[in-house]
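Visitor: I'm passing along final_20.txt; it holds compact mmCIF, C-alpha atoms and all ligand atoms.
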# COMPACT_ATOMS: atom_id res chain seq x y z
CA MET O 1 104.45 160.01 138.67
CA ASN O 2 101.35 161.79 139.90
CA LEU O 3 99.66 164.63 138.02
CA HIS O 4 97.54 167.55 139.12
CA GLU O 5 93.84 167.50 138.34
CA TYR O 6 94.19 170.14 135.60
CA GLN O 7 96.99 168.17 133.93
CA GLY O 8 95.02 164.92 134.04
CA LYS O 9 92.03 166.69 132.56
CA SER O 10 94.14 168.05 129.69
CA ILE O 11 95.09 164.47 128.79
CA LEU O 12 91.47 163.33 129.05
CA GLN O 13 90.40 166.12 126.73
CA LYS O 14 92.94 165.03 124.14
CA TYR O 15 91.32 161.60 124.11
CA GLY O 16 87.83 163.03 123.68
CA VAL O 17 86.67 162.57 127.27
CA ALA O 18 84.26 165.35 128.25
CA ILE O 19 85.55 167.28 131.27
CA GLN O 20 84.52 170.05 133.60
CA ARG O 21 86.49 172.84 131.93
CA GLY O 22 88.64 175.36 133.76
CA VAL O 23 91.50 177.84 133.75
CA VAL O 24 94.56 177.58 136.01
CA VAL O 25 95.25 180.62 138.19
CA GLU O 26 98.54 181.27 140.00
CA LYS O 27 97.92 184.85 141.20
CA VAL O 28 94.81 186.30 142.83
CA GLU O 29 95.05 189.30 140.45
CA ASP O 30 94.47 186.96 137.50
CA ALA O 31 91.28 185.42 138.89
CA ILE O 32 88.72 187.82 137.40
CA ALA O 33 90.24 187.73 133.92
CA ALA O 34 90.29 183.93 134.12
CA ALA O 35 86.64 183.87 135.15
CA LYS O 36 85.66 186.10 132.23
CA LYS O 37 87.59 183.90 129.80
CA LEU O 38 85.92 180.79 131.20
CA THR O 39 82.47 182.35 130.85
CA GLU O 40 83.22 183.22 127.22
CA GLU O 41 84.21 179.62 126.54
CA THR O 42 81.57 177.80 128.54
CA GLY O 43 78.76 180.24 129.29
CA THR O 44 79.01 179.48 132.99
CA GLY O 45 77.87 182.11 135.51
CA TRP O 46 78.91 180.15 138.59
CA TYR O 47 82.41 178.85 139.22
CA VAL O 48 84.19 176.21 141.28
CA VAL O 49 87.56 177.12 142.77
CA LYS O 50 89.70 173.99 143.21
CA ALA O 51 93.08 173.75 144.97
CA GLN O 52 95.68 171.93 142.86
CA ILE O 53 97.70 169.65 145.14
CA HIS O 54 98.67 165.98 144.84
CA ALA O 55 96.12 164.73 147.34
CA GLY O 56 92.47 163.81 147.24
CA GLY O 57 89.73 164.80 149.65
CA ARG O 58 90.22 168.50 148.82
CA GLY O 59 86.50 169.23 149.00
CA LYS O 60 86.37 168.27 152.67
CA GLY O 61 89.90 169.51 153.42
CA VAL O 62 90.52 172.81 155.17
CA VAL O 63 93.01 175.61 154.42
CA GLU O 64 94.91 176.27 157.67
CA GLU O 65 95.19 180.05 157.25
CA THR O 66 91.63 180.84 156.20
CA GLY O 67 89.38 177.95 157.17
CA SER O 68 88.19 177.66 153.55
CA HIS O 69 87.60 174.24 152.02
CA GLY O 70 89.86 173.14 149.15
CA VAL O 71 86.99 173.06 146.63
CA VAL O 72 84.44 175.88 146.87
CA LEU O 73 81.64 177.29 144.80
CA ALA O 74 81.57 180.95 143.68
CA LYS O 75 77.99 181.91 142.89
CA GLY O 76 78.83 184.69 140.46
CA ILE O 77 81.91 186.52 139.25
CA ASP O 78 81.75 188.96 142.19
CA GLN O 79 82.59 186.08 144.57
CA VAL O 80 85.52 184.71 142.57
CA GLU O 81 88.34 186.84 143.95
CA GLU O 82 87.39 186.28 147.58
CA LYS O 83 87.10 182.50 147.11
CA VAL O 84 90.44 182.28 145.29
CA LYS O 85 92.05 184.30 148.11
CA GLY O 86 90.77 181.78 150.63
CA ILE O 87 92.72 178.96 148.97
CA LEU O 88 95.65 180.22 146.89
CA GLY O 89 98.90 180.52 148.85
CA GLY O 90 97.42 178.74 151.86
CA HIS O 91 98.17 175.28 153.27
CA LEU O 92 95.50 172.70 152.61
CA GLU O 93 95.17 169.74 154.91
CA THR O 94 93.06 166.79 153.74
CA ALA O 95 92.54 163.20 154.87
CA GLN O 96 95.38 162.29 152.48
CA THR O 97 98.09 164.81 153.45
CA ASN O 98 99.36 162.94 156.54
CA GLY O 99 98.58 165.62 159.06
CA VAL O 100 100.42 168.48 157.37
CA GLY O 101 98.98 171.22 155.19
CA LYS O 102 100.23 171.33 151.60
CA LEU O 103 101.06 174.67 150.03
CA VAL O 104 98.59 175.54 147.26
CA SER O 105 100.44 177.40 144.51
CA LYS O 106 97.81 176.92 141.79
CA VAL O 107 94.03 176.81 141.74
CA LEU O 108 91.78 175.62 138.96
CA LEU O 109 88.90 177.94 138.29
CA ALA O 110 86.30 175.62 136.78
CA GLU O 111 82.81 175.92 135.34
CA ASP O 112 79.99 174.91 137.67
CA VAL O 113 78.51 171.85 136.02
CA TYR O 114 75.93 170.98 138.68
CA TYR O 115 73.77 174.04 138.15
CA PRO O 116 71.02 174.43 136.92
CA GLY O 117 69.09 171.29 137.69
CA GLU O 118 71.21 170.33 140.69
CA ALA O 119 68.52 167.90 141.85
CA GLU O 120 68.82 165.86 138.65
CA VAL O 121 72.57 165.30 138.54
CA GLU O 122 74.06 161.92 139.36
CA GLU O 123 77.60 161.22 140.61
CA PHE O 124 79.45 158.02 139.74
CA TYR O 125 82.88 156.60 140.48
CA MET O 126 85.18 155.22 137.80
CA SER O 127 88.83 154.20 137.68
CA VAL O 128 91.10 152.28 135.33
CA LEU O 129 94.06 150.42 136.75
CA LEU O 130 96.23 147.38 136.29
CA ASP O 131 95.29 144.16 138.06
CA ARG O 132 98.74 142.60 138.40
CA GLU O 133 97.46 139.23 139.58
CA ARG O 134 95.18 138.84 136.57
CA GLY O 135 97.52 140.51 134.11
CA ARG O 136 94.62 142.62 132.90
CA ASN O 137 93.49 146.20 133.06
CA THR O 138 90.42 146.72 135.21
CA ILE O 139 87.72 149.33 135.09
CA MET O 140 86.32 149.76 138.57
CA TYR O 141 83.06 151.68 138.81
CA SER O 142 80.23 152.43 141.16
CA THR O 143 76.93 154.22 141.42
CA GLU O 144 78.27 155.71 144.68
CA GLY O 145 80.34 158.57 143.29
CA GLY O 146 81.60 161.74 144.93
CA MET O 147 82.58 160.04 148.16
CA ASP O 148 85.60 158.24 149.45
CA ILE O 149 85.76 154.94 147.52
CA GLU O 150 87.42 153.15 150.45
CA THR O 151 84.32 153.88 152.51
CA VAL O 152 82.08 152.53 149.75
CA ALA O 153 84.25 149.40 149.51
CA HIS O 154 83.96 148.91 153.26
CA ASP O 155 80.27 149.68 153.82
CA THR O 156 78.64 148.64 150.54
CA PRO O 157 81.06 146.45 148.57
CA HIS O 158 78.19 145.12 146.40
CA LEU O 159 77.89 148.60 144.86
CA ILE O 160 81.37 148.40 143.31
CA PHE O 161 81.64 146.69 139.92
CA LYS O 162 84.69 145.54 138.00
CA GLU O 163 85.19 145.01 134.29
CA GLU O 164 88.37 143.28 133.12
CA ILE O 165 89.88 144.44 129.86
CA ASP O 166 92.25 142.23 127.91
CA PRO O 167 95.11 144.60 126.99
CA ARG O 168 95.72 142.68 123.74
CA VAL O 169 92.30 143.54 122.30
CA GLY O 170 91.40 146.70 124.21
CA ILE O 171 87.96 147.68 125.40
CA GLN O 172 85.01 146.16 123.50
CA GLY O 173 81.72 147.88 122.78
CA PHE O 174 79.69 145.38 124.79
CA GLN O 175 81.83 146.07 127.85
CA ALA O 176 81.21 149.81 127.67
CA ARG O 177 77.46 149.15 127.28
CA LYS O 178 77.46 146.78 130.26
CA ILE O 179 79.06 149.47 132.41
CA ALA O 180 76.53 152.12 131.33
CA PHE O 181 73.72 149.64 132.02
CA ASN O 182 75.02 148.72 135.49
CA LEU O 183 75.16 152.42 136.32
CA GLY O 184 71.43 152.55 135.68
CA LEU O 185 71.58 154.80 132.64
CA SER O 186 69.32 154.89 129.59
CA GLY O 187 68.72 156.97 126.47
CA GLU O 188 71.16 159.79 125.72
CA ALA O 189 73.04 159.39 129.03
CA PHE O 190 73.62 155.69 128.24
CA LYS O 191 75.08 156.62 124.86
CA GLN O 192 77.31 159.32 126.35
CA MET O 193 78.56 156.97 129.07
CA THR O 194 79.65 154.30 126.56
CA LYS O 195 81.69 156.95 124.73
CA PHE O 196 83.10 158.21 128.03
CA VAL O 197 84.24 154.74 129.09
CA VAL O 198 85.91 153.90 125.75
CA ASN O 199 87.75 157.23 125.60
CA LEU O 200 88.81 157.00 129.24
CA TYR O 201 90.24 153.53 128.70
CA ASN O 202 92.08 154.70 125.59
CA ALA O 203 93.55 157.65 127.51
CA TYR O 204 94.81 155.24 130.19
CA GLU O 205 96.42 152.98 127.57
CA GLY O 206 97.70 155.79 125.38
CA CYS O 207 99.76 157.58 128.01
CA ASP O 208 101.10 154.49 129.79
CA ALA O 209 99.19 155.28 132.94
CA ALA O 210 99.26 153.28 136.14
CA MET O 211 95.92 154.71 137.20
CA PHE O 212 93.15 157.04 136.11
CA GLU O 213 90.58 157.74 138.80
CA ILE O 214 87.57 159.93 138.05
CA ASN O 215 85.51 160.69 141.13
CA PRO O 216 82.96 161.97 140.50
CA VAL O 217 81.93 161.20 136.95
CA LEU O 218 78.88 163.41 136.56
CA LYS O 219 75.64 162.95 134.68
CA THR O 220 74.40 166.51 134.19
CA SER O 221 70.75 167.51 134.14
CA ASP O 222 70.94 167.58 130.33
CA ASN O 223 72.44 164.07 130.15
CA LYS O 224 76.06 164.87 129.45
CA ILE O 225 78.65 162.62 131.09
CA ILE O 226 81.71 164.52 132.26
CA ALA O 227 84.84 164.08 134.37
CA VAL O 228 84.61 166.51 137.30
CA ASP O 229 87.82 165.30 138.95
CA ALA O 230 90.91 163.50 137.62
CA LYS O 231 93.52 161.68 139.63
CA VAL O 232 96.19 160.37 137.27
CA THR O 233 99.32 158.37 137.98
CA LEU O 234 101.65 157.72 135.05
CA ASP O 235 104.05 154.79 134.94
CA GLY O 236 107.52 156.29 135.47
CA ASN O 237 109.05 153.58 133.27
CA GLY O 238 106.95 154.71 130.32
CA LEU O 239 107.71 158.41 130.63
CA TYR O 240 110.55 158.36 128.11
CA ARG O 241 107.89 157.81 125.46
CA HIS O 242 105.97 160.90 126.54
CA PRO O 243 108.29 163.88 126.99
CA ASP O 244 105.31 166.25 127.10
CA TYR O 245 103.83 164.36 130.06
CA ALA O 246 107.23 163.97 131.74
CA ALA O 247 107.43 167.77 131.69
CA MET O 248 104.28 167.87 133.84
CA ARG O 249 106.25 166.64 136.84
CA ASP O 250 105.88 168.89 139.89
CA THR O 251 108.84 168.24 142.17
CA MET O 252 107.38 170.60 144.79
CA GLU O 253 104.85 167.84 145.50
CA GLU O 254 107.46 165.12 146.02
CA ASP O 255 109.65 164.11 148.96
CA PRO O 256 112.86 166.20 148.66
CA LEU O 257 115.00 163.08 149.27
CA ASP O 258 113.34 161.30 146.35
CA VAL O 259 113.91 164.31 144.10
CA GLU O 260 117.60 164.49 145.09
CA ALA O 261 118.12 160.75 144.56
CA ASP O 262 116.37 160.90 141.22
CA ALA O 263 118.50 163.81 140.03
CA ALA O 264 121.63 161.82 140.94
CA GLY O 265 120.38 158.79 139.02
CA LEU O 266 120.07 156.72 142.19
CA ASN O 267 117.27 154.23 142.66
CA PHE O 268 116.28 155.05 146.24
CA VAL O 269 113.36 154.08 148.44
CA LYS O 270 113.27 155.32 152.03
CA LEU O 271 112.34 152.73 154.68
CA ASP O 272 112.02 153.05 158.44
CA GLY O 273 114.85 150.85 159.78
CA ASN O 274 118.29 151.63 161.27
CA VAL O 275 120.81 150.14 158.82
CA ALA O 276 121.30 151.99 155.56
CA CYS O 277 122.56 150.15 152.52
CA MET O 278 124.29 151.08 149.31
CA VAL O 279 124.35 148.38 146.67
CA ASN O 280 124.82 147.96 142.93
CA GLY O 281 121.95 146.08 141.30
CA ALA O 282 118.37 145.74 142.48
CA GLY O 283 118.59 142.00 143.14
CA LEU O 284 121.71 142.34 145.28
CA ALA O 285 120.02 145.25 147.10
CA MET O 286 117.08 143.01 147.98
CA ALA O 287 119.44 140.28 149.21
CA THR O 288 121.37 142.87 151.24
CA MET O 289 118.17 144.00 152.94
CA ASP O 290 117.55 140.36 153.88
CA ILE O 291 121.05 140.13 155.38
CA ILE O 292 120.44 143.24 157.44
CA LYS O 293 117.29 141.66 158.86
CA TYR O 294 119.16 138.43 159.47
CA SER O 295 121.83 140.26 161.44
CA GLY O 296 119.25 141.79 163.78
CA GLY O 297 118.91 145.21 162.16
CA SER O 298 116.28 146.52 159.82
CA PRO O 299 116.89 148.31 156.52
CA ALA O 300 116.67 152.11 156.51
CA ASN O 301 116.42 152.22 152.75
CA PHE O 302 116.67 150.47 149.43
CA LEU O 303 119.44 151.98 147.34
CA ASP O 304 120.73 150.79 144.01
CA VAL O 305 123.63 152.99 142.90
CA GLY O 306 123.70 151.36 139.48
CA GLY O 307 126.61 150.09 137.45
CA THR O 308 128.99 153.03 137.86
CA ALA O 309 129.65 153.20 141.59
CA ASN O 310 132.21 156.00 141.31
CA ALA O 311 133.26 158.44 144.05
CA GLU O 312 130.75 161.07 142.94
CA ARG O 313 127.77 158.71 143.09
CA VAL O 314 128.93 157.15 146.35
CA GLU O 315 129.22 160.62 147.86
CA LYS O 316 125.72 161.56 146.67
CA ALA O 317 124.42 158.31 148.14
CA PHE O 318 126.14 159.04 151.49
CA HIS O 319 124.54 162.48 151.57
CA ILE O 320 121.06 161.08 151.04
CA ILE O 321 121.51 158.21 153.50
CA LEU O 322 122.89 160.47 156.25
CA LYS O 323 119.86 162.77 156.18
CA ASP O 324 117.98 160.01 158.00
CA PRO O 325 118.54 160.38 161.77
CA ASN O 326 117.56 156.73 162.38
CA VAL O 327 120.62 155.35 160.60
CA LYS O 328 123.01 153.57 163.00
CA ALA O 329 125.23 151.83 160.44
CA ILE O 330 125.81 151.68 156.70
CA LEU O 331 126.36 148.47 154.77
CA ILE O 332 127.95 148.86 151.36
CA ASN O 333 127.67 145.73 149.26
CA ILE O 334 129.12 146.00 145.77
CA PHE O 335 129.78 143.30 143.25
CA GLY O 336 132.57 144.30 140.90
CA GLY O 337 131.73 142.73 137.57
CA ILE O 338 132.17 145.53 135.10
CA VAL O 339 133.16 148.09 137.71
CA ARG O 340 136.48 147.26 139.45
CA CYS O 341 136.32 146.83 143.23
CA ASP O 342 139.50 148.84 143.90
CA ARG O 343 137.99 151.82 142.13
CA VAL O 344 134.81 151.53 144.20
CA ALA O 345 136.90 151.22 147.38
CA GLN O 346 138.85 154.34 146.43
CA GLY O 347 135.51 156.03 145.70
CA VAL O 348 134.23 155.15 149.17
CA VAL O 349 137.39 156.46 150.83
CA ASP O 350 137.38 159.67 148.74
CA ALA O 351 133.68 160.28 149.40
CA TYR O 352 134.22 159.68 153.12
CA LYS O 353 137.07 162.21 153.24
CA SER O 354 135.12 164.73 151.19
CA ILE O 355 132.11 164.55 153.52
CA GLY O 356 134.34 164.74 156.56
CA ASN O 357 132.98 163.09 159.64
CA ILE O 358 130.51 160.28 159.07
CA PRO O 359 129.03 159.61 162.53
CA VAL O 360 128.12 155.92 161.98
CA PRO O 361 130.25 152.86 161.24
CA ILE O 362 130.42 151.63 157.67
CA ILE O 363 130.80 148.01 156.65
CA VAL O 364 132.05 147.52 153.14
CA ARG O 365 131.85 144.27 151.28
CA LEU O 366 133.44 144.31 147.87
CA GLN O 367 133.50 141.13 145.84
CA GLY O 368 134.61 140.45 142.28
CA THR O 369 137.36 141.98 140.13
CA ASN O 370 140.31 143.24 142.23
CA ALA O 371 138.52 142.48 145.52
CA VAL O 372 141.83 141.86 147.34
CA GLU O 373 143.26 145.25 146.34
CA ALA O 374 139.97 146.84 147.35
CA LYS O 375 140.08 145.32 150.83
CA LYS O 376 143.59 146.65 151.29
CA ILE O 377 142.50 150.18 150.34
CA ILE O 378 139.70 150.06 152.92
CA ASP O 379 141.85 148.51 155.66
CA ASP O 380 144.69 151.00 155.12
CA SER O 381 142.42 154.06 154.99
CA GLY O 382 142.45 154.58 158.77
CA LEU O 383 138.77 155.55 158.63
CA ASN O 384 135.81 154.13 160.57
CA VAL O 385 135.23 151.65 157.75
CA HIS O 386 135.23 147.88 158.20
CA SER O 387 135.87 145.58 155.30
CA ALA O 388 134.33 142.17 154.75
CA VAL O 389 134.77 139.57 152.03
CA LEU O 390 131.93 137.12 152.60
CA LEU O 391 128.29 138.01 153.02
CA GLN O 392 128.16 136.21 156.36
CA GLU O 393 131.13 138.21 157.53
CA ALA O 394 129.40 141.45 156.55
CA ALA O 395 126.26 140.38 158.41
CA ASP O 396 128.29 139.54 161.52
CA LYS O 397 130.00 142.93 161.41
CA VAL O 398 126.65 144.69 161.19
CA LYS O 399 125.55 142.70 164.25
CA GLU O 400 128.75 143.70 166.05
CA VAL O 401 128.43 147.43 165.44
CA LEU O 402 124.73 147.45 166.39
CA ALA O 403 125.40 145.68 169.70
P1 LIG O 501 88.27 166.02 145.84
O1 LIG O 501 87.49 166.41 147.06
O2 LIG O 501 89.74 166.26 146.02
O3 LIG O 501 87.97 164.64 145.39
O4 LIG O 501 87.83 167.06 144.67
P2 LIG O 501 86.64 166.97 143.58
O5 LIG O 501 87.14 167.55 142.31
O6 LIG O 501 86.10 165.59 143.48
O7 LIG O 501 85.55 167.95 144.17
C1 LIG O 501 84.96 167.72 145.43
C2 LIG O 501 83.47 167.87 145.37
O8 LIG O 501 83.11 169.18 144.96
C3 LIG O 501 82.78 166.97 144.35
O9 LIG O 501 82.55 165.69 144.85
C4 LIG O 501 81.48 167.72 144.12
O10 LIG O 501 80.53 167.31 145.06
C5 LIG O 501 81.87 169.17 144.33
N1 LIG O 501 81.95 169.82 143.03
C6 LIG O 501 82.89 169.71 142.09
N2 LIG O 501 82.58 170.42 141.00
C7 LIG O 501 81.39 171.02 141.25
C8 LIG O 501 80.54 171.87 140.50
O11 LIG O 501 80.79 172.22 139.34
N3 LIG O 501 79.40 172.30 141.13
C9 LIG O 501 79.06 171.94 142.39
N4 LIG O 501 77.95 172.41 142.92
N5 LIG O 501 79.84 171.10 143.11
C10 LIG O 501 80.99 170.65 142.55
MN MN O 502 87.23 163.76 143.76
Taking this structure as input, can you express it in the form of structure tokens?
Ligand code: GDP
Ligand code: MN

Guide:
Amino acid sequence: MNLHEYQGKSILQKYGVAIQRGVVVEKVEDAIAAAKKLTEETGTGWYVVKAQIHAGGRGKGVVEETGSHGVVLAKGIDQVEEKVKGILGGHLETAQTNGVGKLVSKVLLAEDVYYPGEAEVEEFYMSVLLDRERGRNTIMYSTEGGMDIETVAHDTPHLIFKEEIDPRVGIQGFQARKIAFNLGLSGEAFKQMTKFVVNLYNAYEGCDAAMFEINPVLKTSDNKIIAVDAKVTLDGNGLYRHPDYAAMRDTMEEDPLDVEADAAGLNFVKLDGNVACMVNGAGLAMATMDIIKYSGGSPANFLDVGGTANAERVEKAFHIILKDPNVKAILINIFGGIVRCDRVAQGVVDAYKSIGNIPVPIIVRLQGTNAVEAKKIIDDSGLNVHSAVLLQEAADKVKEVLA
């Protein structure tokens, strides 16, 4: 689950990581009051207005309606309202929004941390993520902050450093010092950076994150080290332990199909093929996708309906599958271990009738408890549903209907 910058920063702050502070604004009318409040708290006279969307590259991105960038400086409170107007309510297109502008419904009004002494600031890159191959957490960091890290990796890979952290012992003092040293820091800035790194790592661990990316990490002219940006991805499987973070979910930022599948308790991943599948169990779903390939099609999705494949869930699954115009056939592959096949078959028939006309052929393979009764229910239904008993048979039928 991805978070907005302001949400990520609130977590960082809880773990003692110094951040560029700000106030979230949802209405232009609130901008001036927010600016005054921020000045009271931070003493800032200049502000940065930052679009809150789930995509990076906002600084270089452009708001379709106004031509404003997604991150802009307001040099004084008299400029705040105009700058907020240029972003809030508009559609921001960045290098990461796949060619469509994203609606900005919140902006973060933040303190300007570059001024005064703009010439003396330094921007770094730092992220914490899991290295699955090594089974370790990794802190990736670079002296080349503030720009696209993929570009740095491509042009100057020797300027990206990695520090592996053993999750059993956590981050060690010498590792934090090594990072501060490699970033070329000394004196007070060195000390602040070691604190920053330790607290950042602990934030990552503490909220079951999949990634924390801070770009840029800023060394201010008075040697503070602060997080100017925060891109945070939490591990969805760990969210049950953090109800307060789970509540930060912004479904407006997600694919509507994913949101619908999630609400129905379906494990769904959209793919770009032509044969949809509906399966119980992730392993069987993977095998079913292989069969689809084997029969000359390609999977349009991964869909695990879970243990209770009842009529209601099957109907939900049909709805989601049928929103994809590429789907030419549907393969239902259910193993009835706990759930009885005849009940699933009845569920399929009921869902079919409830939806009305399903424009593509459906191949149903039900195996396990009461499979024979199930096949009879499908065969007698009079609908455009083909039953199969063996996997091979199901694959052949898919081939047939695609031909
Ligand atoms: P991103 O473009 O989505 O990665 O958004 P960032 O939060 O990283 O902001 C983009 C850029 O705006 C940063 O790389 C900085 O160069 C600039 N920026 C951010 N905060 C400030 C600030 O307080 N003062 C100034 N002058 N520039 C800032
Ligand atoms: Mn950034």

Visitor: Between O:Thr97, O:Gln20, O:Ser221, O:Asn370, which has the minimum distance to ligand LIG 501 (chain O) (counting all atoms listed in the file)?

Guide: O:Gln20

Visitor: So which residues are close to (79.3, 154.5, 123.9), meaning at most 10 Å away in the file's coordinates with only C-alpha atoms counted, and can you show them as a ChimeraX atom specification?

Guide: /O:173-177,179-180,188-199

Visitor: Write out as a VMD selection string which residues come within 7 Å of range 42-50 of chain O when counting all atoms listed in the file, dropping same-chain ones fewer than 6 positions away.

Guide: chain O and resid 70 to 76 83 to 84 107 to 112

Visitor: For a test of reading the model, state the distance in Å between CA of Gln7 in chain O and CA of Leu185 in chain O, rounded to one decimal.

Guide: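 Calculated distance between CA of Gln7 in chain O and CA of Leu185 in chain O is 28.7 Å.
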
Visitor: Can you measure CA of Lys85 in chain O to CA of Gly61 in chain O for me? One decimal in Å is fine.

Guide: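 So the two atoms, CA of Lys85 in chain O and CA of Gly61 in chain O, lie 15.9 Å apart.
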
Visitor: Counting only C-alpha atoms and all ligand atoms, what are the residues, protein, DNA or RNA alike, that approach ligand MN 502 (chain O) to within 10 Å? I want them as a PyMOL selection string.

Guide: chain O and resi 5+55-59+71+125+145-149+213-217+227-231

Visitor: Using all atoms listed in the file for the distances, tell me which of O:Gly22, O:Gly90, O:Gly16, O:Gly307 is nearest to ligand LIG 501 (chain O).

Guide: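 Smallest separation from ligand LIG 501 (chain O) among the options: O:Gly22.
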
Visitor: Would you mind reading off the distance between CA of Gly86 in chain O and CA of Gln52 in chain O, one decimal, in Å?

Guide: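 If I compute the distance from CA of Gly86 in chain O to CA of Gln52 in chain O, I get 13.5 Å.
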
Visitor: Considering only C-alpha atoms and all ligand atoms, can you say which of O:Thr138, O:Gln96, O:Thr156, O:Ser298 comes closest to ligand LIG 501 (chain O)?

Guide: O:Gln96

Visitor: May I have the residues within 8 Å of Ala300 in chain O as a PyMOL selection string, using all atoms listed in the file and disregarding those fewer than 3 positions away in the same chain?

Guide: chain O and resi 270-277+326-327

Visitor: Could you take the residues named above and write them with C-alpha atoms, as a PDB file, in the frame of the given file?

Guide:
ATOM      1  CA  LYS O 270     113.270 155.320 152.030  1.00  0.00           C
ATOM      2  CA  LEU O 271     112.340 152.730 154.680  1.00  0.00           C
ATOM      3  CA  ASP O 272     112.020 153.050 158.440  1.00  0.00           C
ATOM      4  CA  GLY O 273     114.850 150.850 159.780  1.00  0.00           C
ATOM      5  CA  ASN O 274     118.290 151.630 161.270  1.00  0.00           C
ATOM      6  CA  VAL O 275     120.810 150.140 158.820  1.00  0.00           C
ATOM      7  CA  ALA O 276     121.300 151.990 155.560  1.00  0.00           C
ATOM      8  CA  CYS O 277     122.560 150.150 152.520  1.00  0.00           C
ATOM      9  CA  ASN O 326     117.560 156.730 162.380  1.00  0.00           C
ATOM     10  CA  VAL O 327     120.620 155.350 160.600  1.00  0.00           C
TER      11      VAL O 327
END

Visitor: Taking into account only C-alpha atoms and all ligand atoms, which residue in the set O:Leu257, O:Ala31, O:Ala329, O:Ile19 is nearest to ligand LIG 501 (chain O)?

Guide: O:Ile19

Visitor: Extract, using only C-alpha atoms, all DNA, RNA and protein residues at most 9 Å from range 371-387 of chain O, discarding same-chain residues fewer than 3 positions from it, and format them as an mmCIF file with C-alpha atoms, in the frame of the given file.

Guide:
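This is the output file result.cif:
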data_model
loop_
_atom_site.group_PDB
_atom_site.id
_atom_site.type_symbol
_atom_site.label_atom_id
_atom_site.label_comp_id
_atom_site.auth_asym_id
_atom_site.auth_seq_id
_atom_site.Cartn_x
_atom_site.Cartn_y
_atom_site.Cartn_z
ATOM 1 C CA GLY O 336 132.570 144.300 140.900
ATOM 2 C CA ARG O 340 136.480 147.260 139.450
ATOM 3 C CA CYS O 341 136.320 146.830 143.230
ATOM 4 C CA ASP O 342 139.500 148.840 143.900
ATOM 5 C CA ARG O 343 137.990 151.820 142.130
ATOM 6 C CA VAL O 344 134.810 151.530 144.200
ATOM 7 C CA ALA O 345 136.900 151.220 147.380
ATOM 8 C CA GLN O 346 138.850 154.340 146.430
ATOM 9 C CA VAL O 348 134.230 155.150 149.170
ATOM 10 C CA VAL O 349 137.390 156.460 150.830
ATOM 11 C CA TYR O 352 134.220 159.680 153.120
ATOM 12 C CA LYS O 353 137.070 162.210 153.240
ATOM 13 C CA ILE O 358 130.510 160.280 159.070
ATOM 14 C CA PRO O 359 129.030 159.610 162.530
ATOM 15 C CA VAL O 360 128.120 155.920 161.980
ATOM 16 C CA PRO O 361 130.250 152.860 161.240
ATOM 17 C CA ILE O 362 130.420 151.630 157.670
ATOM 18 C CA ILE O 363 130.800 148.010 156.650
ATOM 19 C CA VAL O 364 132.050 147.520 153.140
ATOM 20 C CA ARG O 365 131.850 144.270 151.280
ATOM 21 C CA LEU O 366 133.440 144.310 147.870
ATOM 22 C CA GLN O 367 133.500 141.130 145.840
ATOM 23 C CA GLY O 368 134.610 140.450 142.280
ATOM 24 C CA ALA O 394 129.400 141.450 156.550
ATOM 25 C CA LYS O 397 130.000 142.930 161.410
#

Visitor: If we count only C-alpha atoms, what is near Leu92 in chain O at a cut-off of 9 Å, once residues fewer than 4 positions away on the same chain are taken out, given as a VMD selection string?

Guide: chain O and resid 51 53 58 61 to 65 68 to 70 87 97 100 to 104

Visitor: Tell me, as a VMD selection string, which residues lie within 10 Å of Arg168 in chain O, counting all atoms listed in the file; anything in the same chain fewer than 3 positions away does not count.

Guide: chain O and resid 136 165 171

Visitor: Export C-alpha atoms of the chosen residues as a CSV table (one decimal), in the coordinates of the input?

Guide:
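Below you can see out28.csv, which holds the result:
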chain,number,residue,atom,x,y,z
O,136,ARG,CA,94.6,142.6,132.9
O,165,ILE,CA,89.9,144.4,129.9
O,171,ILE,CA,88.0,147.7,125.4

Visitor: With all atoms of range 135-154 of chain O from the file as input, state the centre and edge lengths in Å to one decimal of the axis-aligned box that has 3 Å extra on each side, as AutoDock Vina command-line options.

Guide:
--center_x 87.2 --center_y 151.1 --center_z 143.1 --size_x 26.6 --size_y 27.2 --size_z 26.4

Visitor: So, counting all atoms listed in the file, which residue among O:Asp208, O:Glu312, O:Glu26, O:Glu400 is closest to Gly238 in chain O?

Guide: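 When distances to Gly238 in chain O are compared using all atoms listed in the file, the smallest one comes from O:Asp208.
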